[in-house]
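Engineer: Sending over a structure as structure tokens; questions will come in a sec.
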Number of protein chains: 2
Amino acid sequence: MTDWTEQTATARNWFESLRDRICAEFEAIEREAGSDATFAYTSWDRETEDGSDGGGGVQGKMLGKVFEKVGVNVSTVSGAFSSAFAAQVNGASEEEPHFTATGISLVAHMANPHVPAVHMNTRFLTTQKAWFGGGADLNPPIEYKEDTDAFHARLRAACAAHNPTYYERFSKWADEYFFIPHRGVHRGVGGIFYDHLECEDTATFDRHFAFTKDVGEAFLDAFPAIVRHRMGMEWSEEEKALQREWRGRYVEFNLVYDRGTLFGLKTGGNIDAILMSLPPEVTWG
Amino acid sequence: MTDWTEQTATARNWFESLRDRICAEFEAIEREAGSDATFAYTSWDRETEDGSDGGGGVQGKMLGKVFEKVGVNVSTVSGAFSSAFAAQVNGASEEEPHFTATGISLVAHMANPHVPAVHMNTRFLTTQKAWFGGGADLNPPIEYKEDTDAFHARLRAACAAHNPTYYERFSKWADEYFFIPHRGVHRGVGGIFYDHLECEDTATFDRHFAFTKDVGEAFLDAFPAIVRHRMGMEWSEEEKALQREWRGRYVEFNLVYDRGTLFGLKTGGNIDAILMSLPPEVTWG
């Protein structure tokens, strides 16, 4: 099976509807905190060398009272990899360099250092193969074991509903991936990371898509609850300073190691959308 | 000629004395601004796998009133490259992986957005070959053509005293090197960048060392003058915000592209010394 047009559209619709629900929930949290902040949306088109339609995306960004800076991007792009790059991608080659990709990507940096920052991304890619990937990880400047446990428990439940091995494999993968070798520390307290859930036919697509949807639902269930639980806490200037310093590790991870960021920067992606993951205020002491 | 022990010691002494003069000058500037900030020095030893002496360095850092954050490192290290890495280094190989390196590295981030940030580095390396490299570049958040011209003119004079082609070649090299492809912008207004000034014998060592010393003298001559000229200017909160945002480009360059930074991070260098180049306060809007 090589025509995934319909499935790509189905996945895209889901990512867009998930985005709408997440953004509505985050805006509701802002209102509960007495703020009228809302998301601003910016569309962008992917530029291609030959001027053909390369797709594009919509970048949503909110600078709020609770969400100091949150970006939610949905993009759906297609084209042909350069021959040098095609050889490195699952199911692509110099002869068959075509790809499509649709996905949602979210990073939230919070005003209150007691509220964890968070990242979530899920995606569906096709070359001569087709697969889902994604993940979510929690990044508290000041950790509360209760929040870490709640986040993991909800992801564990989402995994367990689909495959008894998923949580163990994917949480371990997150621990390995979200690690900063030059500091010898993890960037946060983990979550899950998965890739190459390959779709051989519509039945496997349906199965992996169902799991990917449940990862999105788990995020939407778990994270706003943590935010509401912590957002009222008082914080000191010292704790805010600690958060700004801690965000430096997040920047170091994303710019030195994160595959998605480097892939985007080095292949001419939309800079604002790629770098929306960077924190609003950072210090290196 | 393969024994550069004496020359390495000579170069090291010079780098250390240059460091002392630069730090004294920067502290004098702080006093002129009514601050009693001084450099704090921290020694570090390079760790080696087999526990042999790998050398080390001294990191000098000052958080001042004029110099919001300035780091000046002198390091002198030696050892053997891993076999995978040795093949990539000038004059090294799996059979001959030994190296020594001594150098000074300086990055200053200024409180006043009208005063440019600056970077300067010069170094002497030996493998089976021996060579000097270095450079300096100016990074104004708000550019004054007069400062840019003064900085370049002083470097041009240092170059011209040694070789009529140096300034053109090395300023062009700086323009190519200090460039951020994903933004399509230079990180600053340039300066000079040079590498592989190879020493075949003591006569060529003396010549390239003389040039490298003059680059240090040019820096010490040009930069403090620019600081004194601009440090009294008033600045607005908007200009400070522009500086913090502009520093994001500096971080992106150093973490995504700078060879020295990535080399250090990925080969277990001293993290604090390597990342002292990162600005004290940064924002990504």
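For the structure tokens, the naming scheme is as follows: chains receive sequential letters (A, B, ...) according to their order of presentation, residues are indexed from 1 within each chain, and ligands are indexed from 1 in presentation order.
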Would you give me, as a tab-separated table, each residue of chain A having an atom within 6 Å of an atom of chain B, along with its shortest atom pair and that distance in Å to one decimal, using only C-alpha atoms and sorting by chain and residue number?
Structural biologist:
residue	atom	partner	partner_atom	distance
A:His182	CA	B:Leu265	CA	5.5
A:Leu255	CA	B:Val256	CA	5.7
A:Val256	CA	B:Leu255	CA	5.7
A:Leu265	CA	B:His182	CA	5.5
A:Pro280	CA	B:Trp284	CA	4.8
A:Glu281	CA	B:Thr283	CA	4.5
A:Val282	CA	B:Val282	CA	5.1
A:Thr283	CA	B:Glu281	CA	4.5
A:Trp284	CA	B:Pro280	CA	4.8
A:Gly285	CA	B:Pro280	CA	5.7
Engineer: Would you list, as a PDB file with N, CA, C and O atoms, in the first residue's frame, the residues of stretch 10-213 of chain A that end up in alpha helix (DSSP H) under DSSP run on this structure's backbone?
Structural biologist:
ATOM      1  N   THR A  10      -7.030  12.228   7.337  1.00  0.00           N
ATOM      2  CA  THR A  10      -7.715  11.841   8.584  1.00  0.00           C
ATOM      3  C   THR A  10      -6.864  12.220   9.801  1.00  0.00           C
ATOM      4  O   THR A  10      -7.361  12.776  10.781  1.00  0.00           O
ATOM      5  N   ALA A  11      -5.567  11.908   9.709  1.00  0.00           N
ATOM      6  CA  ALA A  11      -4.664  12.240  10.819  1.00  0.00           C
ATOM      7  C   ALA A  11      -4.584  13.754  11.000  1.00  0.00           C
ATOM      8  O   ALA A  11      -4.668  14.272  12.119  1.00  0.00           O
ATOM      9  N   ARG A  12      -4.460  14.462   9.901  1.00  0.00           N
ATOM     10  CA  ARG A  12      -4.388  15.929   9.965  1.00  0.00           C
ATOM     11  C   ARG A  12      -5.626  16.512  10.641  1.00  0.00           C
ATOM     12  O   ARG A  12      -5.521  17.399  11.495  1.00  0.00           O
ATOM     13  N   ASN A  13      -6.792  16.012  10.261  1.00  0.00           N
ATOM     14  CA  ASN A  13      -8.025  16.520  10.872  1.00  0.00           C
ATOM     15  C   ASN A  13      -8.015  16.301  12.381  1.00  0.00           C
ATOM     16  O   ASN A  13      -8.441  17.157  13.155  1.00  0.00           O
ATOM     17  N   TRP A  14      -7.527  15.126  12.770  1.00  0.00           N
ATOM     18  CA  TRP A  14      -7.449  14.854  14.207  1.00  0.00           C
ATOM     19  C   TRP A  14      -6.475  15.811  14.891  1.00  0.00           C
ATOM     20  O   TRP A  14      -6.780  16.398  15.931  1.00  0.00           O
ATOM     21  N   PHE A  15      -5.288  15.994  14.312  1.00  0.00           N
ATOM     22  CA  PHE A  15      -4.299  16.894  14.928  1.00  0.00           C
ATOM     23  C   PHE A  15      -4.872  18.304  15.059  1.00  0.00           C
ATOM     24  O   PHE A  15      -4.673  18.981  16.079  1.00  0.00           O
ATOM     25  N   GLU A  16      -5.609  18.735  14.040  1.00  0.00           N
ATOM     26  CA  GLU A  16      -6.185  20.082  14.095  1.00  0.00           C
ATOM     27  C   GLU A  16      -7.288  20.176  15.150  1.00  0.00           C
ATOM     28  O   GLU A  16      -7.384  21.182  15.868  1.00  0.00           O
ATOM     29  N   SER A  17      -8.081  19.120  15.265  1.00  0.00           N
ATOM     30  CA  SER A  17      -9.155  19.182  16.271  1.00  0.00           C
ATOM     31  C   SER A  17      -8.569  19.079  17.683  1.00  0.00           C
ATOM     32  O   SER A  17      -9.049  19.735  18.605  1.00  0.00           O
ATOM     33  N   LEU A  18      -7.499  18.280  17.835  1.00  0.00           N
ATOM     34  CA  LEU A  18      -6.820  18.210  19.133  1.00  0.00           C
ATOM     35  C   LEU A  18      -6.250  19.587  19.482  1.00  0.00           C
ATOM     36  O   LEU A  18      -6.374  20.061  20.618  1.00  0.00           O
ATOM     37  N   ARG A  19      -5.621  20.216  18.500  1.00  0.00           N
ATOM     38  CA  ARG A  19      -5.091  21.575  18.712  1.00  0.00           C
ATOM     39  C   ARG A  19      -6.191  22.519  19.200  1.00  0.00           C
ATOM     40  O   ARG A  19      -6.021  23.253  20.178  1.00  0.00           O
ATOM     41  N   ASP A  20      -7.367  22.467  18.537  1.00  0.00           N
ATOM     42  CA  ASP A  20      -8.463  23.351  18.927  1.00  0.00           C
ATOM     43  C   ASP A  20      -8.896  23.111  20.369  1.00  0.00           C
ATOM     44  O   ASP A  20      -9.137  24.058  21.123  1.00  0.00           O
ATOM     45  N   ARG A  21      -8.941  21.853  20.764  1.00  0.00           N
ATOM     46  CA  ARG A  21      -9.393  21.534  22.129  1.00  0.00           C
ATOM     47  C   ARG A  21      -8.327  21.935  23.152  1.00  0.00           C
ATOM     48  O   ARG A  21      -8.653  22.444  24.232  1.00  0.00           O
ATOM     49  N   ILE A  22      -7.054  21.683  22.822  1.00  0.00           N
ATOM     50  CA  ILE A  22      -5.977  22.071  23.746  1.00  0.00           C
ATOM     51  C   ILE A  22      -5.952  23.589  23.925  1.00  0.00           C
ATOM     52  O   ILE A  22      -5.893  24.100  25.051  1.00  0.00           O
ATOM     53  N   CYS A  23      -6.032  24.299  22.814  1.00  0.00           N
ATOM     54  CA  CYS A  23      -5.954  25.763  22.899  1.00  0.00           C
ATOM     55  C   CYS A  23      -7.154  26.321  23.672  1.00  0.00           C
ATOM     56  O   CYS A  23      -7.003  27.250  24.475  1.00  0.00           O
ATOM     57  N   ALA A  24      -8.312  25.740  23.455  1.00  0.00           N
ATOM     58  CA  ALA A  24      -9.506  26.188  24.190  1.00  0.00           C
ATOM     59  C   ALA A  24      -9.318  25.941  25.688  1.00  0.00           C
ATOM     60  O   ALA A  24      -9.667  26.789  26.521  1.00  0.00           O
ATOM     61  N   GLU A  25      -8.739  24.812  26.029  1.00  0.00           N
ATOM     62  CA  GLU A  25      -8.511  24.470  27.439  1.00  0.00           C
ATOM     63  C   GLU A  25      -7.487  25.416  28.072  1.00  0.00           C
ATOM     64  O   GLU A  25      -7.670  25.887  29.204  1.00  0.00           O
ATOM     65  N   PHE A  26      -6.424  25.696  27.343  1.00  0.00           N
ATOM     66  CA  PHE A  26      -5.395  26.608  27.872  1.00  0.00           C
ATOM     67  C   PHE A  26      -5.959  28.031  28.025  1.00  0.00           C
ATOM     68  O   PHE A  26      -5.643  28.728  28.994  1.00  0.00           O
ATOM     69  N   GLU A  27      -6.796  28.440  27.076  1.00  0.00           N
ATOM     70  CA  GLU A  27      -7.416  29.768  27.196  1.00  0.00           C
ATOM     71  C   GLU A  27      -8.380  29.799  28.384  1.00  0.00           C
ATOM     72  O   GLU A  27      -8.481  30.816  29.089  1.00  0.00           O
ATOM     73  N   ALA A  28      -9.057  28.674  28.641  1.00  0.00           N
ATOM     74  CA  ALA A  28      -9.967  28.602  29.804  1.00  0.00           C
ATOM     75  C   ALA A  28      -9.164  28.764  31.091  1.00  0.00           C
ATOM     76  O   ALA A  28      -9.591  29.450  32.032  1.00  0.00           O
ATOM     77  N   ILE A  29      -7.983  28.145  31.135  1.00  0.00           N
ATOM     78  CA  ILE A  29      -7.117  28.280  32.317  1.00  0.00           C
ATOM     79  C   ILE A  29      -6.703  29.740  32.506  1.00  0.00           C
ATOM     80  O   ILE A  29      -6.706  30.263  33.624  1.00  0.00           O
ATOM     81  N   GLU A  30      -6.381  30.408  31.413  1.00  0.00           N
ATOM     82  CA  GLU A  30      -6.042  31.836  31.513  1.00  0.00           C
ATOM     83  C   GLU A  30      -7.212  32.631  32.110  1.00  0.00           C
ATOM     84  O   GLU A  30      -7.004  33.476  32.983  1.00  0.00           O
ATOM     85  N   ARG A  31      -8.427  32.353  31.644  1.00  0.00           N
ATOM     86  CA  ARG A  31      -9.592  33.090  32.170  1.00  0.00           C
ATOM     87  C   ARG A  31      -9.773  32.819  33.657  1.00  0.00           C
ATOM     88  O   ARG A  31     -10.079  33.730  34.428  1.00  0.00           O
ATOM     89  N   GLU A  32      -9.556  31.563  34.065  1.00  0.00           N
ATOM     90  CA  GLU A  32      -9.673  31.225  35.494  1.00  0.00           C
ATOM     91  C   GLU A  32      -8.663  32.013  36.329  1.00  0.00           C
ATOM     92  O   GLU A  32      -8.869  32.247  37.517  1.00  0.00           O
ATOM     93  N   SER A  83      18.731  14.146  -2.344  1.00  0.00           N
ATOM     94  CA  SER A  83      19.209  12.765  -2.460  1.00  0.00           C
ATOM     95  C   SER A  83      20.129  12.394  -1.302  1.00  0.00           C
ATOM     96  O   SER A  83      20.094  11.277  -0.801  1.00  0.00           O
ATOM     97  N   ALA A  84      20.925  13.353  -0.827  1.00  0.00           N
ATOM     98  CA  ALA A  84      21.810  13.054   0.296  1.00  0.00           C
ATOM     99  C   ALA A  84      20.991  12.699   1.536  1.00  0.00           C
ATOM    100  O   ALA A  84      21.337  11.804   2.302  1.00  0.00           O
ATOM    101  N   PHE A  85      19.869  13.409   1.715  1.00  0.00           N
ATOM    102  CA  PHE A  85      19.089  13.215   2.917  1.00  0.00           C
ATOM    103  C   PHE A  85      18.178  11.996   2.829  1.00  0.00           C
ATOM    104  O   PHE A  85      17.963  11.295   3.820  1.00  0.00           O
ATOM    105  N   ALA A  86      17.659  11.723   1.623  1.00  0.00           N
ATOM    106  CA  ALA A  86      16.699  10.634   1.434  1.00  0.00           C
ATOM    107  C   ALA A  86      17.235   9.310   1.972  1.00  0.00           C
ATOM    108  O   ALA A  86      16.510   8.538   2.592  1.00  0.00           O
ATOM    109  N   LYS A 145       6.775  15.249  43.157  1.00  0.00           N
ATOM    110  CA  LYS A 145       6.647  13.830  42.831  1.00  0.00           C
ATOM    111  C   LYS A 145       5.206  13.487  42.427  1.00  0.00           C
ATOM    112  O   LYS A 145       4.989  12.686  41.508  1.00  0.00           O
ATOM    113  N   GLU A 146       4.264  14.104  43.085  1.00  0.00           N
ATOM    114  CA  GLU A 146       2.842  13.875  42.817  1.00  0.00           C
ATOM    115  C   GLU A 146       2.498  14.211  41.360  1.00  0.00           C
ATOM    116  O   GLU A 146       1.734  13.484  40.704  1.00  0.00           O
ATOM    117  N   ASP A 147       3.048  15.306  40.841  1.00  0.00           N
ATOM    118  CA  ASP A 147       2.777  15.701  39.453  1.00  0.00           C
ATOM    119  C   ASP A 147       3.442  14.735  38.474  1.00  0.00           C
ATOM    120  O   ASP A 147       2.852  14.335  37.473  1.00  0.00           O
ATOM    121  N   THR A 148       4.692  14.409  38.778  1.00  0.00           N
ATOM    122  CA  THR A 148       5.423  13.461  37.929  1.00  0.00           C
ATOM    123  C   THR A 148       4.656  12.145  37.848  1.00  0.00           C
ATOM    124  O   THR A 148       4.443  11.592  36.757  1.00  0.00           O
ATOM    125  N   ASP A 149       4.225  11.668  39.007  1.00  0.00           N
ATOM    126  CA  ASP A 149       3.497  10.392  39.051  1.00  0.00           C
ATOM    127  C   ASP A 149       2.180  10.472  38.279  1.00  0.00           C
ATOM    128  O   ASP A 149       1.814   9.543  37.556  1.00  0.00           O
ATOM    129  N   ALA A 150       1.461  11.583  38.438  1.00  0.00           N
ATOM    130  CA  ALA A 150       0.172  11.723  37.758  1.00  0.00           C
ATOM    131  C   ALA A 150       0.360  11.743  36.240  1.00  0.00           C
ATOM    132  O   ALA A 150      -0.408  11.111  35.495  1.00  0.00           O
ATOM    133  N   PHE A 151       1.384  12.441  35.786  1.00  0.00           N
ATOM    134  CA  PHE A 151       1.651  12.543  34.347  1.00  0.00           C
ATOM    135  C   PHE A 151       1.987  11.163  33.783  1.00  0.00           C
ATOM    136  O   PHE A 151       1.424  10.717  32.781  1.00  0.00           O
ATOM    137  N   HIS A 152       2.909  10.480  34.466  1.00  0.00           N
ATOM    138  CA  HIS A 152       3.299   9.149  34.009  1.00  0.00           C
ATOM    139  C   HIS A 152       2.137   8.160  34.091  1.00  0.00           C
ATOM    140  O   HIS A 152       1.962   7.321  33.197  1.00  0.00           O
ATOM    141  N   ALA A 153       1.345   8.249  35.154  1.00  0.00           N
ATOM    142  CA  ALA A 153       0.235   7.292  35.321  1.00  0.00           C
ATOM    143  C   ALA A 153      -0.753   7.411  34.168  1.00  0.00           C
ATOM    144  O   ALA A 153      -1.245   6.408  33.640  1.00  0.00           O
ATOM    145  N   ARG A 154      -1.022   8.659  33.753  1.00  0.00           N
ATOM    146  CA  ARG A 154      -1.996   8.851  32.690  1.00  0.00           C
ATOM    147  C   ARG A 154      -1.449   8.329  31.354  1.00  0.00           C
ATOM    148  O   ARG A 154      -2.182   7.740  30.551  1.00  0.00           O
ATOM    149  N   LEU A 155      -0.152   8.552  31.113  1.00  0.00           N
ATOM    150  CA  LEU A 155       0.466   8.027  29.889  1.00  0.00           C
ATOM    151  C   LEU A 155       0.549   6.505  29.934  1.00  0.00           C
ATOM    152  O   LEU A 155       0.345   5.822  28.929  1.00  0.00           O
ATOM    153  N   ARG A 156       0.828   5.991  31.125  1.00  0.00           N
ATOM    154  CA  ARG A 156       0.889   4.538  31.296  1.00  0.00           C
ATOM    155  C   ARG A 156      -0.459   3.903  30.943  1.00  0.00           C
ATOM    156  O   ARG A 156      -0.521   2.888  30.236  1.00  0.00           O
ATOM    157  N   ALA A 157      -1.545   4.546  31.393  1.00  0.00           N
ATOM    158  CA  ALA A 157      -2.888   4.027  31.099  1.00  0.00           C
ATOM    159  C   ALA A 157      -3.163   4.061  29.594  1.00  0.00           C
ATOM    160  O   ALA A 157      -3.719   3.108  29.030  1.00  0.00           O
ATOM    161  N   ALA A 158      -2.752   5.167  28.956  1.00  0.00           N
ATOM    162  CA  ALA A 158      -2.959   5.264  27.500  1.00  0.00           C
ATOM    163  C   ALA A 158      -2.200   4.153  26.781  1.00  0.00           C
ATOM    164  O   ALA A 158      -2.714   3.534  25.841  1.00  0.00           O
ATOM    165  N   CYS A 159      -0.980   3.906  27.221  1.00  0.00           N
ATOM    166  CA  CYS A 159      -0.172   2.840  26.619  1.00  0.00           C
ATOM    167  C   CYS A 159      -0.802   1.466  26.864  1.00  0.00           C
ATOM    168  O   CYS A 159      -0.928   0.651  25.944  1.00  0.00           O
ATOM    169  N   ALA A 160      -1.197   1.232  28.107  1.00  0.00           N
ATOM    170  CA  ALA A 160      -1.695  -0.094  28.511  1.00  0.00           C
ATOM    171  C   ALA A 160      -2.928  -0.509  27.723  1.00  0.00           C
ATOM    172  O   ALA A 160      -3.148  -1.695  27.470  1.00  0.00           O
ATOM    173  N   TYR A 166       4.152  -1.185  25.681  1.00  0.00           N
ATOM    174  CA  TYR A 166       4.390   0.202  25.252  1.00  0.00           C
ATOM    175  C   TYR A 166       4.965   1.096  26.348  1.00  0.00           C
ATOM    176  O   TYR A 166       5.938   1.808  26.129  1.00  0.00           O
ATOM    177  N   TYR A 167       4.326   1.109  27.521  1.00  0.00           N
ATOM    178  CA  TYR A 167       4.772   2.087  28.518  1.00  0.00           C
ATOM    179  C   TYR A 167       6.218   1.862  28.920  1.00  0.00           C
ATOM    180  O   TYR A 167       7.009   2.812  28.982  1.00  0.00           O
ATOM    181  N   GLU A 168       6.560   0.617  29.154  1.00  0.00           N
ATOM    182  CA  GLU A 168       7.934   0.351  29.582  1.00  0.00           C
ATOM    183  C   GLU A 168       8.930   0.756  28.491  1.00  0.00           C
ATOM    184  O   GLU A 168       9.928   1.423  28.762  1.00  0.00           O
ATOM    185  N   ARG A 169       8.615   0.358  27.251  1.00  0.00           N
ATOM    186  CA  ARG A 169       9.520   0.694  26.143  1.00  0.00           C
ATOM    187  C   ARG A 169       9.582   2.195  25.890  1.00  0.00           C
ATOM    188  O   ARG A 169      10.661   2.768  25.711  1.00  0.00           O
ATOM    189  N   PHE A 170       8.409   2.819  25.853  1.00  0.00           N
ATOM    190  CA  PHE A 170       8.376   4.229  25.435  1.00  0.00           C
ATOM    191  C   PHE A 170       8.809   5.193  26.540  1.00  0.00           C
ATOM    192  O   PHE A 170       9.314   6.291  26.247  1.00  0.00           O
ATOM    193  N   SER A 171       8.615   4.810  27.805  1.00  0.00           N
ATOM    194  CA  SER A 171       9.098   5.701  28.867  1.00  0.00           C
ATOM    195  C   SER A 171      10.621   5.587  28.979  1.00  0.00           C
ATOM    196  O   SER A 171      11.314   6.573  29.245  1.00  0.00           O
ATOM    197  N   LYS A 172      11.132   4.387  28.734  1.00  0.00           N
ATOM    198  CA  LYS A 172      12.587   4.204  28.733  1.00  0.00           C
ATOM    199  C   LYS A 172      13.215   4.999  27.576  1.00  0.00           C
ATOM    200  O   LYS A 172      14.265   5.624  27.718  1.00  0.00           O
ATOM    201  N   TRP A 173      12.526   4.955  26.427  1.00  0.00           N
ATOM    202  CA  TRP A 173      13.003   5.694  25.256  1.00  0.00           C
ATOM    203  C   TRP A 173      13.058   7.202  25.564  1.00  0.00           C
ATOM    204  O   TRP A 173      14.001   7.904  25.186  1.00  0.00           O
ATOM    205  N   ALA A 174      12.038   7.685  26.277  1.00  0.00           N
ATOM    206  CA  ALA A 174      12.025   9.108  26.658  1.00  0.00           C
ATOM    207  C   ALA A 174      13.195   9.421  27.581  1.00  0.00           C
ATOM    208  O   ALA A 174      13.861  10.456  27.437  1.00  0.00           O
ATOM    209  N   ASP A 175      13.469   8.517  28.531  1.00  0.00           N
ATOM    210  CA  ASP A 175      14.603   8.740  29.448  1.00  0.00           C
ATOM    211  C   ASP A 175      15.919   8.824  28.676  1.00  0.00           C
ATOM    212  O   ASP A 175      16.797   9.622  29.007  1.00  0.00           O
ATOM    213  N   GLU A 176      16.041   7.990  27.655  1.00  0.00           N
ATOM    214  CA  GLU A 176      17.271   8.000  26.853  1.00  0.00           C
ATOM    215  C   GLU A 176      17.344   9.225  25.951  1.00  0.00           C
ATOM    216  O   GLU A 176      18.400   9.816  25.777  1.00  0.00           O
ATOM    217  N   TYR A 177      16.189   9.576  25.394  1.00  0.00           N
ATOM    218  CA  TYR A 177      16.187  10.675  24.416  1.00  0.00           C
ATOM    219  C   TYR A 177      16.338  12.048  25.067  1.00  0.00           C
ATOM    220  O   TYR A 177      17.154  12.855  24.634  1.00  0.00           O
ATOM    221  N   THR A 202      -4.429  -0.653   6.215  1.00  0.00           N
ATOM    222  CA  THR A 202      -5.359   0.217   6.943  1.00  0.00           C
ATOM    223  C   THR A 202      -5.624  -0.284   8.355  1.00  0.00           C
ATOM    224  O   THR A 202      -5.859   0.507   9.262  1.00  0.00           O
ATOM    225  N   ALA A 203      -5.538  -1.578   8.558  1.00  0.00           N
ATOM    226  CA  ALA A 203      -5.781  -2.117   9.908  1.00  0.00           C
ATOM    227  C   ALA A 203      -4.694  -1.663  10.888  1.00  0.00           C
ATOM    228  O   ALA A 203      -4.989  -1.242  12.009  1.00  0.00           O
ATOM    229  N   THR A 204      -3.422  -1.738  10.445  1.00  0.00           N
ATOM    230  CA  THR A 204      -2.352  -1.275  11.349  1.00  0.00           C
ATOM    231  C   THR A 204      -2.381   0.244  11.491  1.00  0.00           C
ATOM    232  O   THR A 204      -2.111   0.778  12.563  1.00  0.00           O
ATOM    233  N   PHE A 205      -2.755   0.931  10.395  1.00  0.00           N
ATOM    234  CA  PHE A 205      -2.927   2.386  10.517  1.00  0.00           C
ATOM    235  C   PHE A 205      -3.950   2.686  11.605  1.00  0.00           C
ATOM    236  O   PHE A 205      -3.699   3.506  12.505  1.00  0.00           O
ATOM    237  N   ASP A 206      -5.096   2.027  11.514  1.00  0.00           N
ATOM    238  CA  ASP A 206      -6.168   2.294  12.483  1.00  0.00           C
ATOM    239  C   ASP A 206      -5.684   2.063  13.912  1.00  0.00           C
ATOM    240  O   ASP A 206      -6.001   2.824  14.824  1.00  0.00           O
ATOM    241  N   ARG A 207      -4.908   0.998  14.082  1.00  0.00           N
ATOM    242  CA  ARG A 207      -4.449   0.643  15.427  1.00  0.00           C
ATOM    243  C   ARG A 207      -3.464   1.693  15.970  1.00  0.00           C
ATOM    244  O   ARG A 207      -3.618   2.164  17.090  1.00  0.00           O
ATOM    245  N   HIS A 208      -2.471   2.051  15.145  1.00  0.00           N
ATOM    246  CA  HIS A 208      -1.476   3.029  15.613  1.00  0.00           C
ATOM    247  C   HIS A 208      -2.068   4.435  15.744  1.00  0.00           C
ATOM    248  O   HIS A 208      -1.657   5.206  16.615  1.00  0.00           O
ATOM    249  N   PHE A 209      -3.029   4.729  14.879  1.00  0.00           N
ATOM    250  CA  PHE A 209      -3.711   6.019  14.962  1.00  0.00           C
ATOM    251  C   PHE A 209      -4.523   6.092  16.260  1.00  0.00           C
ATOM    252  O   PHE A 209      -4.523   7.125  16.955  1.00  0.00           O
ATOM    253  N   ALA A 210      -5.158   5.007  16.596  1.00  0.00           N
ATOM    254  CA  ALA A 210      -5.948   4.971  17.845  1.00  0.00           C
ATOM    255  C   ALA A 210      -5.030   5.219  19.047  1.00  0.00           C
ATOM    256  O   ALA A 210      -5.382   5.958  19.979  1.00  0.00           O
ATOM    257  N   PHE A 211      -3.836   4.617  19.017  1.00  0.00           N
ATOM    258  CA  PHE A 211      -2.886   4.839  20.117  1.00  0.00           C
ATOM    259  C   PHE A 211      -2.445   6.305  20.147  1.00  0.00           C
ATOM    260  O   PHE A 211      -2.431   6.954  21.210  1.00  0.00           O
ATOM    261  N   THR A 212      -2.102   6.839  18.976  1.00  0.00           N
ATOM    262  CA  THR A 212      -1.643   8.230  18.897  1.00  0.00           C
ATOM    263  C   THR A 212      -2.725   9.197  19.392  1.00  0.00           C
ATOM    264  O   THR A 212      -2.431  10.166  20.092  1.00  0.00           O
ATOM    265  N   LYS A 213      -3.978   8.890  19.050  1.00  0.00           N
ATOM    266  CA  LYS A 213      -5.068   9.729  19.556  1.00  0.00           C
ATOM    267  C   LYS A 213      -5.139   9.654  21.081  1.00  0.00           C
ATOM    268  O   LYS A 213      -5.332  10.672  21.759  1.00  0.00           O
TER     269      LYS A 213
END
Engineer: Report as a PyMOL selection string: the residues of stretch 51-117 of chain A with a DSSP assignment of strand (DSSP E or B), based on the backbone of this structure.
Structural biologist: chain A and resi 55-62+69-80+98-109+117
Engineer: In Å to one decimal, how far is atom CA of A:Phe67 from atom CA of A:Ala37?
Structural biologist: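 Between these atoms lies a distance of 9.2 Å.
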Engineer: For the interface of stretch 93-161 of chain B with stretch 45-60 of chain B (cut-off 10 Å, counting only C-alpha atoms), please tabulate each contacting residue of stretch 93-161 of chain B alongside its nearest pair of atoms and their separation in Å to one decimal, rows sorted by chain and increasing number, as CSV.
Structural biologist:
residue,atom,partner,partner_atom,distance
B:Thr100,CA,B:Gly55,CA,9.1
B:Ala101,CA,B:Gly55,CA,9.5
B:Thr102,CA,B:Gly57,CA,9.1
B:Gly103,CA,B:Gly57,CA,9.5
B:Ile104,CA,B:Gly57,CA,9.7
B:Ser105,CA,B:Gln59,CA,9.5
B:Leu106,CA,B:Gly60,CA,9.3
Engineer: Within 9 Å of A:Met120, counting only C-alpha atoms, which residues show up once you throw out same-chain ones fewer than 6 positions away? Write them as a PyMOL selection string, please.
Structural biologist: chain A and resi 104-107+134-138+216+219
Engineer: Would you write out those residues with C-alpha atoms, as a CSV table (one decimal), in the first residue's frame?
Structural biologist:
chain,number,residue,atom,x,y,z
A,104,ILE,CA,1.0,18.5,16.1
A,105,SER,CA,3.8,20.0,18.2
A,106,LEU,CA,3.4,21.8,21.5
A,107,VAL,CA,5.7,23.4,24.0
A,134,GLY,CA,5.3,11.0,19.1
A,135,GLY,CA,5.7,11.6,22.7
A,136,ALA,CA,5.3,14.0,25.7
A,137,ASP,CA,7.6,14.9,28.5
A,138,LEU,CA,7.3,17.0,31.7
A,216,GLY,CA,-3.2,13.3,22.7
A,219,PHE,CA,-1.9,14.8,27.5
Engineer: Grab the atom CA of B:Gly133 to atom CA of B:Val185 distance for me, in Å with one decimal place.
Structural biologist: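 Computed distance, atom CA of B:Gly133 to atom CA of B:Val185, equals 24.2 Å.
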Engineer: Find the residues near stretch 231-234 of chain B: any atom within 9 Å, counting only C-alpha atoms, skip ones fewer than 5 places away on the same chain, and give them as a list in words.
Structural biologist: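 In the requested form, the answer reads Ala33, Val66, Ala111, Asn112, His114, Val115 and Ile226 of chain B.
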Engineer: When you count only C-alpha atoms, which of these residues is closest to B:Trp131: B:His162, B:His109, B:Arg230, B:His196?
Structural biologist: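 Selected residue with least distance to B:Trp131: B:His196.
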Engineer: To one decimal place in Å, what is the distance between atom CA of B:Thr126 and atom CA of B:Asp3?
Structural biologist: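 Value for the atom CA of B:Thr126-atom CA of B:Asp3 distance: 9.1 Å.
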Engineer: Out of A:Phe39, A:Phe179, A:Phe99, A:Trp4, which residue has the shortest atom-to-atom distance to A:Lys61 when counting only C-alpha atoms?
Structural biologist: A:Phe39
